[in-house]
Amino acid sequence: MSEHTRIKFYSVHDLSFASNMKRVESFFEKWEQNTCSPDINTILELYNIKQYFSTGRVLSTWSNEQLDEYQKKVSLIPGIIGRFCNSVLDEEWNCMFKSTEINYVDDFWTVIDNYKVYSKISANTIGSILDSNSDCVWYILRHRALSAYYGTVLTNHLLTNCNTAPRMISFFLETSSEQDDHLYFPEEFTPEMRIKIINDYVDEENPNINTLQLLENARVFDGQPIEDKLRRKVRNKRKELQEKLSDKAVGISYGIQVEFNSVPNGAYEEKFNRADNTIHCTYSRDWIAENRDYPTLLNNFIYLFKYVDRCFRCTFVSLKCRLSLTEKHLFTRGKDDYITGSSFDLKRALASLQMAAYYQELKLLNIRLEDIFSWFFEVYLRDEFQAIGFSYRPPSDGTTYYEKCKLISSAIDGVLKQYSLFREDGYVDRELLEMSSRQTVFGDIGSTVSNKYAYANSPDIRTEMFLLFDDQSILHFTEKTGNSNYSSLPQLLVSEKMSLSDFAEYQLSGLNWLIERGSIFADENGYLQPKKSRVFVLNDLFLNEVICPIYYDDELRHQVSNLAASGDLRYESTLFSIPEQKYLNFILNNAEFGNSLGIRNRYIHDTCPLDEDTEFSHYCELLKIMVLIIIKINAEFCAPNRKRTVQ
């Protein structure tokens with residue numbers, strides 16, 4: 001029997017489930033023939049059949065008599081496997097492994113583990129198997145008992161296996177892949193051995209540049225901090241390889257241009273040049289000059305530069321739905337990495353250039369952005385909202401960008417602590433502020449608004465959003481609509497008259513589940529339609545990873561309440577949403593992400609680069625953060641259902 005027709009269990013949700021169960025039916029029809037004198041691959045096929053029946057799912061076409069007969073045969077499988085394993089001699093296992101079809105290599109070692117066959121297989125035999133197939137060590141290491149039993153021979157192999165370093169780095173540092181979710185390294189394979197292997201790998205002529213990137217960004221490796229000298233060696237090697245690759249690289253370039261100039265009939269214009277993938281943003285110099293009042297100059301970040309959306313969510317954070325298919329599945333990422341992609345890089349770069357250009361444009365008008373910040377905290381909050389006690393000390397004209405970075409890094413921490421004190425007491429108690437030594441944790445900063453944010457809180461709602469909106473969903477491609485480019489199921493249903501009969505059989509279970517969930521329904525003519533309010537809320541959540549019900553109308557808020565009552569959504573009341581908290585940690589500190597920029601930490605601890613261009617770019621990043629803080633605090637004071645504190 002060829003490997004392409006054998007039964008292989010993947011998961012209960014895999015699309016091959018039905019076709020494999022039909023093969024199970026054929027296997028049972030030849031039961032005596034298949035089990036009379038089984039070979040290793042038939043034994044492993046029996047193991048996979050047992051897994052299918054362990055799920056409890058069967059074909060609806062099977063009669064009760066068939067099911068009873070099949071279950072009796074399945075009950076015999078453990079005994080058949082056990083007797084086979086007991087009959088194989090130690091020296092025969094090497095040949096058994098070589099005969100194993102590639103699709104069953106993982107099952108081979110699982111059976112060895114589950115049936116405790118390893119007690120009858122010598123270390124010499126395992127060594128011979130490893131010598132003939134070095135990749136099988138990674139299957140063996142998925143089993144704790146096998147790793148412990150063969151610790152010495154596995155360690156000796158790992159010390160000479162050329163893939164040990166990259167696979168070990170991937171296991172400890174890369175975002176978990178299904179195949180390496182669990183690796184159990186033997187105790188004999190000491191931490192000192194592991195570090196030596198890593199050092200030797202970095203010294204190779206052409207180590208993998210993505211693997212080096214993982215190591216460079218990592219905060220710890222195998223539970224231990226990575227020494228600075230090793231990190232520096234990794235960084236230098238990565239740069240060396242990058243320079244070599246850049247000479248041969250072929251890719252797609254893009255550019256951003258931001259300028260202040262004359263703009264006819266408006267405050268700004270944006271153009272995209274497809275020829276060179278360049279975004280060109282021009283903002284009206286005359287309009288800025290004619291509208292110099294501080295409220296307007298701050299509002300420009302909202303309405304001109306679009307730093308936030310209509311719900312005051314930051315627009316330059318990284319969001320999963322903006323990753324391309326390649327970025328989602330083919331990029332090498334660390335377990336602790338802040339997930340970025342080309343869309344995030346573009347939005348972040350645009351916001352930074354807007355800030356740099358605006359900062360310089362205001363200087364030409366003798367306006368300091370830092371003075372506007374001071375006005376917001378010390379004048380605007382006091383006069384508009386009777387918020388007493390806020391203070392902000394801007395740097396003086398003569399300070400360098402290095403000094404400005406240090407000062408604003410401290411100021412960010414200071415204004416957030418002032419806001420927290422005001423939220424708790426209704427005013428800023430200066431004495432308490434001066435006593436505060438706690439580190440600011442963005443997720444701990446509360447909101448004055450009840451149920452300010454809502455997040456996905458169940459596997460069901462995540463599956464629902466995937467089926468409705470994800471570009472990998474199987475539901476918005478149909479034979480009837482052909483090559484029509486619909487990006488989501490709701491778009492398809494709104495654009496075409498579609499009934500259940502227009503979809504393929506493999507799509508029906510997903511559609512019927514969505515009908516049960518209430519996100520789509522069949523109208524009086526039998527055509528499928530999206531439930532507008534539910535789909536709107538779920539689409540907003542899918543795109544932004546957080547929703548803000550306070551900016552919804554009554555119907556949408558009612559929909560959110562129902563989803564929260566069912567446990568599909570959860571509310572949180574914080575100043576920053578979770579995507580914003582992650583962005584702030586990525587830019588400012590090293591608390592959460594291995595690839596963090598850590599700009600605040602660099603200047604607070606005086607470990608920053610010493611060149612003015614870098615210092616200015618860092619200052620623009622910190623100015624963006626302060627603007628975001630101001631927008632978020634102002635939104636708190638202006639929110640429709642803010643809890644009023646007693647003055």
# chains A, B, ... in the order shown; residues from 1 in each chain; ligands from 1
$ residues_around --residues "Arg194 of chain A" --least-positions-apart "5" --cutoff "10 Å" --atoms "only C-alpha atoms" --output "PyMOL selection string"
chain A and resi 158-159+164-165+168-169+189+199-200+221-222
$ residues_around --residues "segment 619-627 of chain A" --least-positions-apart "2" --cutoff "7 Å" --atoms "only C-alpha atoms" --output "list of chain:residue names"
A:Ser352, A:Met355, A:Ala356, A:Tyr401, A:Cys405, A:Ile408, A:Ile412, A:Glu615, A:Phe616, A:Ser617, A:Ile629, A:Ile630, A:Ile631
$ residues_around --residues "segment 322-335 of chain A" --least-positions-apart "2" --cutoff "6 Å" --atoms "only C-alpha atoms" --output "MDAnalysis selection string"
chainID A and resid 173:175 214 319:320 337 341
$ write_last_selection --atoms "C-alpha atoms" --output "compact mmCIF listing (two decimals), in the first residue's frame"
# COMPACT_ATOMS: atom_id res chain seq x y z
CA LEU A 173 13.24 31.45 20.89
CA GLU A 174 10.97 31.12 17.86
CA THR A 175 7.21 31.43 17.93
CA LEU A 214 16.24 35.41 16.85
CA LEU A 319 -2.31 44.45 14.11
CA LYS A 320 -2.40 40.82 12.98
CA ASP A 337 8.86 39.47 19.49
CA GLY A 341 5.10 43.71 9.10
$ residues_around --residues "Ser119 of chain A" --least-positions-apart "2" --cutoff "12 Å" --atoms "only C-alpha atoms" --output "MDAnalysis selection string"
chainID A and resid 85:86 89:90 112:117 121:123 125:126 145:146 148:150
$ write_last_selection --atoms "N, CA and C atoms" --output "mmCIF file, in the first residue's frame"
data_model
loop_
_atom_site.group_PDB
_atom_site.id
_atom_site.type_symbol
_atom_site.label_atom_id
_atom_site.label_comp_id
_atom_site.auth_asym_id
_atom_site.auth_seq_id
_atom_site.Cartn_x
_atom_site.Cartn_y
_atom_site.Cartn_z
ATOM 1 N N CYS A 85 5.019 -5.368 18.524
ATOM 2 C CA CYS A 85 6.210 -4.744 19.113
ATOM 3 C C CYS A 85 7.023 -5.749 19.929
ATOM 4 N N ASN A 86 6.339 -6.630 20.638
ATOM 5 C CA ASN A 86 7.039 -7.625 21.462
ATOM 6 C C ASN A 86 7.761 -8.667 20.612
ATOM 7 N N LEU A 89 12.877 -8.084 17.386
ATOM 8 C CA LEU A 89 14.141 -8.162 18.117
ATOM 9 C C LEU A 89 14.868 -6.830 18.082
ATOM 10 N N ASP A 90 15.752 -6.610 19.034
ATOM 11 C CA ASP A 90 16.498 -5.353 19.146
ATOM 12 C C ASP A 90 17.140 -4.968 17.819
ATOM 13 N N ILE A 112 6.665 3.607 20.002
ATOM 14 C CA ILE A 112 7.796 3.148 20.829
ATOM 15 C C ILE A 112 7.629 3.655 22.265
ATOM 16 N N ASP A 113 7.199 4.914 22.391
ATOM 17 C CA ASP A 113 7.025 5.527 23.710
ATOM 18 C C ASP A 113 5.795 4.964 24.420
ATOM 19 N N ASN A 114 4.639 4.983 23.739
ATOM 20 C CA ASN A 114 3.385 4.576 24.377
ATOM 21 C C ASN A 114 3.404 3.116 24.843
ATOM 22 N N TYR A 115 4.052 2.256 24.064
ATOM 23 C CA TYR A 115 4.073 0.830 24.391
ATOM 24 C C TYR A 115 5.353 0.425 25.133
ATOM 25 N N LYS A 116 6.130 1.461 25.532
ATOM 26 C CA LYS A 116 7.347 1.241 26.334
ATOM 27 C C LYS A 116 8.296 0.225 25.696
ATOM 28 N N VAL A 117 8.356 0.260 24.385
ATOM 29 C CA VAL A 117 9.230 -0.653 23.650
ATOM 30 C C VAL A 117 10.695 -0.299 23.864
ATOM 31 N N ILE A 121 14.982 -1.904 23.349
ATOM 32 C CA ILE A 121 15.825 -1.418 22.249
ATOM 33 C C ILE A 121 17.089 -0.824 22.844
ATOM 34 N N SER A 122 18.231 -1.304 22.422
ATOM 35 C CA SER A 122 19.500 -0.880 23.019
ATOM 36 C C SER A 122 19.918 0.499 22.527
ATOM 37 N N ALA A 123 20.822 1.121 23.290
ATOM 38 C CA ALA A 123 21.372 2.420 22.896
ATOM 39 C C ALA A 123 22.146 2.300 21.595
ATOM 40 N N THR A 125 21.429 0.372 19.057
ATOM 41 C CA THR A 125 20.457 0.386 17.957
ATOM 42 C C THR A 125 19.967 1.807 17.690
ATOM 43 N N ILE A 126 19.685 2.540 18.753
ATOM 44 C CA ILE A 126 19.254 3.936 18.587
ATOM 45 C C ILE A 126 20.364 4.742 17.930
ATOM 46 N N ALA A 145 10.117 10.325 28.010
ATOM 47 C CA ALA A 145 10.660 9.039 28.450
ATOM 48 C C ALA A 145 11.821 8.598 27.562
ATOM 49 N N LEU A 146 11.688 8.793 26.246
ATOM 50 C CA LEU A 146 12.760 8.400 25.329
ATOM 51 C C LEU A 146 14.006 9.249 25.556
ATOM 52 N N ALA A 148 14.971 10.678 28.309
ATOM 53 C CA ALA A 148 15.620 10.290 29.568
ATOM 54 C C ALA A 148 16.318 8.937 29.431
ATOM 55 N N TYR A 149 15.672 8.001 28.742
ATOM 56 C CA TYR A 149 16.214 6.640 28.646
ATOM 57 C C TYR A 149 17.482 6.593 27.788
ATOM 58 N N TYR A 150 17.496 7.389 26.724
ATOM 59 C CA TYR A 150 18.636 7.378 25.799
ATOM 60 C C TYR A 150 19.467 8.666 25.918
#
$ closest_residue --among "A:Gly567, A:Gly151, A:Pro459, A:Gly443" --to "Leu584 of chain A" --atoms "only C-alpha atoms"
A:Gly443
$ select_by_dssp --residues "segment 217-394 of chain A" --states "strand (DSSP E or B)" --output "list in words"
Val220, Phe221, Gln224, Pro225, Gly255, Ile256, Gln257, Val258, Glu259, Phe260, Asn261, Tyr268, Glu269, Glu270, Lys271, Phe272, Asn273, Thr278, Ile279, His280, Cys281, Thr282, Tyr283, Ser284, Val308, Cys314 and Gly334 of chain A
$ write_last_selection --atoms "C-alpha atoms" --output "compact mmCIF listing (two decimals), in the first residue's frame"
# COMPACT_ATOMS: atom_id res chain seq x y z
CA VAL A 220 16.97 34.89 27.62
CA PHE A 221 18.04 31.57 26.13
CA GLN A 224 19.37 32.12 31.23
CA PRO A 225 20.16 35.74 30.24
CA GLY A 255 8.98 55.40 0.05
CA ILE A 256 7.27 58.15 2.01
CA GLN A 257 7.49 61.87 1.40
CA VAL A 258 6.07 64.41 3.83
CA GLU A 259 6.26 68.14 3.19
CA PHE A 260 4.58 71.44 4.04
CA ASN A 261 3.77 73.49 0.97
CA TYR A 268 -3.64 68.51 2.94
CA GLU A 269 -3.47 66.06 0.05
CA GLU A 270 -2.16 62.52 -0.17
CA LYS A 271 -0.99 60.81 -3.36
CA PHE A 272 0.24 57.30 -4.02
CA ASN A 273 2.60 56.76 -6.94
CA THR A 278 5.74 56.17 -2.93
CA ILE A 279 3.26 57.88 -0.62
CA HIS A 280 3.47 61.65 -0.99
CA CYS A 281 1.75 63.71 1.72
CA THR A 282 1.58 67.47 1.38
CA TYR A 283 0.18 69.65 4.16
CA SER A 284 -0.84 73.27 3.74
CA VAL A 308 -6.09 57.95 15.95
CA CYS A 314 -3.99 54.58 17.80
CA GLY A 334 10.84 35.11 18.24
$ residues_around --residues "Gly526 of chain A" --least-positions-apart "4" --cutoff "9 Å" --atoms "only C-alpha atoms" --output "list of chain:residue names"
A:Met498, A:Ser499, A:Leu500, A:Phe521, A:Ala522
$ closest_atom_pairs --of "segment 422-478 of chain A" --to "segment 587-604 of chain A" --cutoff "12 Å" --atoms "only C-alpha atoms" --output "tab-separated table"
residue	atom	partner	partner_atom	distance
A:Gln439	CA	A:Ala591	CA	11.0
A:Thr440	CA	A:Asn589	CA	10.8
A:Val441	CA	A:Ala591	CA	9.5
A:Phe442	CA	A:Leu588	CA	10.9
A:Gly443	CA	A:Glu592	CA	11.8
$ residues_around --residues "segment 28-34 of chain A" --least-positions-apart "5" --cutoff "9 Å" --atoms "only C-alpha atoms" --output "short mmCIF file (atom, residue, chain, number, x, y, z; two decimals) with all heavy atoms, in the first residue's frame"
data_model
loop_
_atom_site.label_atom_id
_atom_site.label_comp_id
_atom_site.auth_asym_id
_atom_site.auth_seq_id
_atom_site.Cartn_x
_atom_site.Cartn_y
_atom_site.Cartn_z
N ARG A 23 -11.55 5.60 4.01
CA ARG A 23 -10.46 4.63 3.91
C ARG A 23 -10.50 3.64 5.08
O ARG A 23 -10.16 2.47 4.93
CB ARG A 23 -9.11 5.35 3.88
CG ARG A 23 -8.86 6.11 2.59
CD ARG A 23 -7.54 6.83 2.63
NE ARG A 23 -7.40 7.69 1.46
CZ ARG A 23 -6.65 8.77 1.42
NH1 ARG A 23 -5.96 9.12 2.50
NH2 ARG A 23 -6.56 9.50 0.32
N THR A 42 1.55 -1.00 8.45
CA THR A 42 0.17 -1.38 8.78
C THR A 42 -0.08 -1.19 10.28
O THR A 42 -1.17 -0.75 10.68
CB THR A 42 -0.10 -2.83 8.38
OG1 THR A 42 0.15 -2.99 6.98
CG2 THR A 42 -1.53 -3.23 8.68
N TYR A 70 -17.23 -2.06 13.70
CA TYR A 70 -15.98 -1.32 13.62
C TYR A 70 -15.39 -1.09 15.01
O TYR A 70 -14.17 -1.20 15.22
CB TYR A 70 -16.19 0.02 12.92
CG TYR A 70 -16.58 -0.09 11.45
CD1 TYR A 70 -17.14 1.00 10.78
CD2 TYR A 70 -16.38 -1.28 10.75
CE1 TYR A 70 -17.50 0.90 9.44
CE2 TYR A 70 -16.75 -1.39 9.41
CZ TYR A 70 -17.30 -0.29 8.77
OH TYR A 70 -17.66 -0.40 7.44
N LYS A 73 -13.59 -4.09 16.30
CA LYS A 73 -12.28 -4.25 15.67
C LYS A 73 -11.28 -3.24 16.23
O LYS A 73 -10.10 -3.56 16.44
CB LYS A 73 -12.41 -4.11 14.15
CG LYS A 73 -13.14 -5.29 13.53
CD LYS A 73 -13.36 -5.11 12.04
CE LYS A 73 -14.06 -6.35 11.46
NZ LYS A 73 -14.37 -6.21 10.02
#
$ residues_around --residues "Val494 of chain A" --least-positions-apart "3" --cutoff "8 Å" --atoms "only C-alpha atoms" --output "MDAnalysis selection string"
chainID A and resid 490:491 497 529:530
$ atom_distance --atom1 "atom CA of Lys229 of chain A" --atom2 "atom CA of Asp611 of chain A"
22.8 Å
$ closest_residue --among "A:Ile445, A:Ala565, A:Leu364, A:Ile339" --to "Cys321 of chain A" --atoms "only C-alpha atoms"
A:Ile339
$ select_by_dssp --residues "segment 213-344 of chain A" --states "helix (DSSP H, G or I)" --output "count of residues only"
53
$ decode --residues "segment 203-272 of chain A" --atoms "C-alpha atoms" --output "PDB file, in the first residue's frame"
ATOM      1  CA  ASP A 203      31.432  31.363  14.110  1.00  0.00           C
ATOM      2  CA  GLU A 204      30.415  29.359  11.024  1.00  0.00           C
ATOM      3  CA  GLU A 205      30.915  30.994   7.647  1.00  0.00           C
ATOM      4  CA  ASN A 206      27.232  31.204   6.697  1.00  0.00           C
ATOM      5  CA  PRO A 207      24.839  30.701   9.602  1.00  0.00           C
ATOM      6  CA  ASN A 208      21.189  31.417   8.881  1.00  0.00           C
ATOM      7  CA  ILE A 209      20.565  35.146   9.191  1.00  0.00           C
ATOM      8  CA  ASN A 210      17.020  34.654  10.523  1.00  0.00           C
ATOM      9  CA  THR A 211      18.340  32.333  13.223  1.00  0.00           C
ATOM     10  CA  LEU A 212      20.907  34.979  14.207  1.00  0.00           C
ATOM     11  CA  GLN A 213      18.135  37.578  14.359  1.00  0.00           C
ATOM     12  CA  LEU A 214      16.240  35.408  16.847  1.00  0.00           C
ATOM     13  CA  LEU A 215      19.313  35.134  19.042  1.00  0.00           C
ATOM     14  CA  GLU A 216      20.107  38.843  18.804  1.00  0.00           C
ATOM     15  CA  ASN A 217      16.631  39.902  19.902  1.00  0.00           C
ATOM     16  CA  ALA A 218      16.247  37.328  22.669  1.00  0.00           C
ATOM     17  CA  ARG A 219      16.260  38.397  26.305  1.00  0.00           C
ATOM     18  CA  VAL A 220      16.974  34.892  27.619  1.00  0.00           C
ATOM     19  CA  PHE A 221      18.037  31.568  26.127  1.00  0.00           C
ATOM     20  CA  ASP A 222      17.204  28.279  27.808  1.00  0.00           C
ATOM     21  CA  GLY A 223      16.108  30.176  30.924  1.00  0.00           C
ATOM     22  CA  GLN A 224      19.371  32.120  31.230  1.00  0.00           C
ATOM     23  CA  PRO A 225      20.156  35.740  30.244  1.00  0.00           C
ATOM     24  CA  ILE A 226      22.246  35.990  27.076  1.00  0.00           C
ATOM     25  CA  GLU A 227      25.661  37.507  27.748  1.00  0.00           C
ATOM     26  CA  ASP A 228      26.322  40.867  26.093  1.00  0.00           C
ATOM     27  CA  LYS A 229      29.521  39.586  24.448  1.00  0.00           C
ATOM     28  CA  LEU A 230      27.640  36.767  22.737  1.00  0.00           C
ATOM     29  CA  ARG A 231      24.873  39.147  21.690  1.00  0.00           C
ATOM     30  CA  ARG A 232      27.454  41.532  20.208  1.00  0.00           C
ATOM     31  CA  LYS A 233      29.109  38.682  18.292  1.00  0.00           C
ATOM     32  CA  VAL A 234      25.712  37.629  16.952  1.00  0.00           C
ATOM     33  CA  ARG A 235      24.851  41.198  15.924  1.00  0.00           C
ATOM     34  CA  ASN A 236      28.158  41.716  14.131  1.00  0.00           C
ATOM     35  CA  LYS A 237      27.797  38.411  12.286  1.00  0.00           C
ATOM     36  CA  ARG A 238      24.238  39.256  11.294  1.00  0.00           C
ATOM     37  CA  LYS A 239      25.317  42.668   9.963  1.00  0.00           C
ATOM     38  CA  GLU A 240      28.160  41.086   8.013  1.00  0.00           C
ATOM     39  CA  LEU A 241      25.802  38.609   6.345  1.00  0.00           C
ATOM     40  CA  GLN A 242      23.207  41.320   5.716  1.00  0.00           C
ATOM     41  CA  GLU A 243      25.745  43.427   3.851  1.00  0.00           C
ATOM     42  CA  LYS A 244      26.627  40.464   1.645  1.00  0.00           C
ATOM     43  CA  LEU A 245      22.975  39.733   0.926  1.00  0.00           C
ATOM     44  CA  SER A 246      22.061  43.357   0.222  1.00  0.00           C
ATOM     45  CA  ASP A 247      24.399  43.384  -2.796  1.00  0.00           C
ATOM     46  CA  LYS A 248      22.398  40.552  -4.389  1.00  0.00           C
ATOM     47  CA  ALA A 249      18.955  41.268  -2.983  1.00  0.00           C
ATOM     48  CA  VAL A 250      15.945  41.788  -5.225  1.00  0.00           C
ATOM     49  CA  GLY A 251      12.839  43.199  -3.596  1.00  0.00           C
ATOM     50  CA  ILE A 252      10.042  45.733  -3.650  1.00  0.00           C
ATOM     51  CA  SER A 253      10.900  49.188  -2.389  1.00  0.00           C
ATOM     52  CA  TYR A 254       8.540  51.840  -1.087  1.00  0.00           C
ATOM     53  CA  GLY A 255       8.976  55.404   0.048  1.00  0.00           C
ATOM     54  CA  ILE A 256       7.268  58.154   2.012  1.00  0.00           C
ATOM     55  CA  GLN A 257       7.488  61.871   1.404  1.00  0.00           C
ATOM     56  CA  VAL A 258       6.066  64.414   3.828  1.00  0.00           C
ATOM     57  CA  GLU A 259       6.255  68.141   3.191  1.00  0.00           C
ATOM     58  CA  PHE A 260       4.579  71.436   4.038  1.00  0.00           C
ATOM     59  CA  ASN A 261       3.771  73.487   0.974  1.00  0.00           C
ATOM     60  CA  SER A 262       0.929  75.132  -0.882  1.00  0.00           C
ATOM     61  CA  VAL A 263      -2.189  72.934  -1.065  1.00  0.00           C
ATOM     62  CA  PRO A 264      -5.045  74.289  -3.197  1.00  0.00           C
ATOM     63  CA  ASN A 265      -8.529  73.984  -1.708  1.00  0.00           C
ATOM     64  CA  GLY A 266      -7.660  72.175   1.483  1.00  0.00           C
ATOM     65  CA  ALA A 267      -5.380  71.550   4.428  1.00  0.00           C
ATOM     66  CA  TYR A 268      -3.642  68.509   2.945  1.00  0.00           C
ATOM     67  CA  GLU A 269      -3.470  66.060   0.054  1.00  0.00           C
ATOM     68  CA  GLU A 270      -2.160  62.520  -0.170  1.00  0.00           C
ATOM     69  CA  LYS A 271      -0.994  60.811  -3.361  1.00  0.00           C
ATOM     70  CA  PHE A 272       0.236  57.295  -4.024  1.00  0.00           C
TER      71      PHE A 272
END
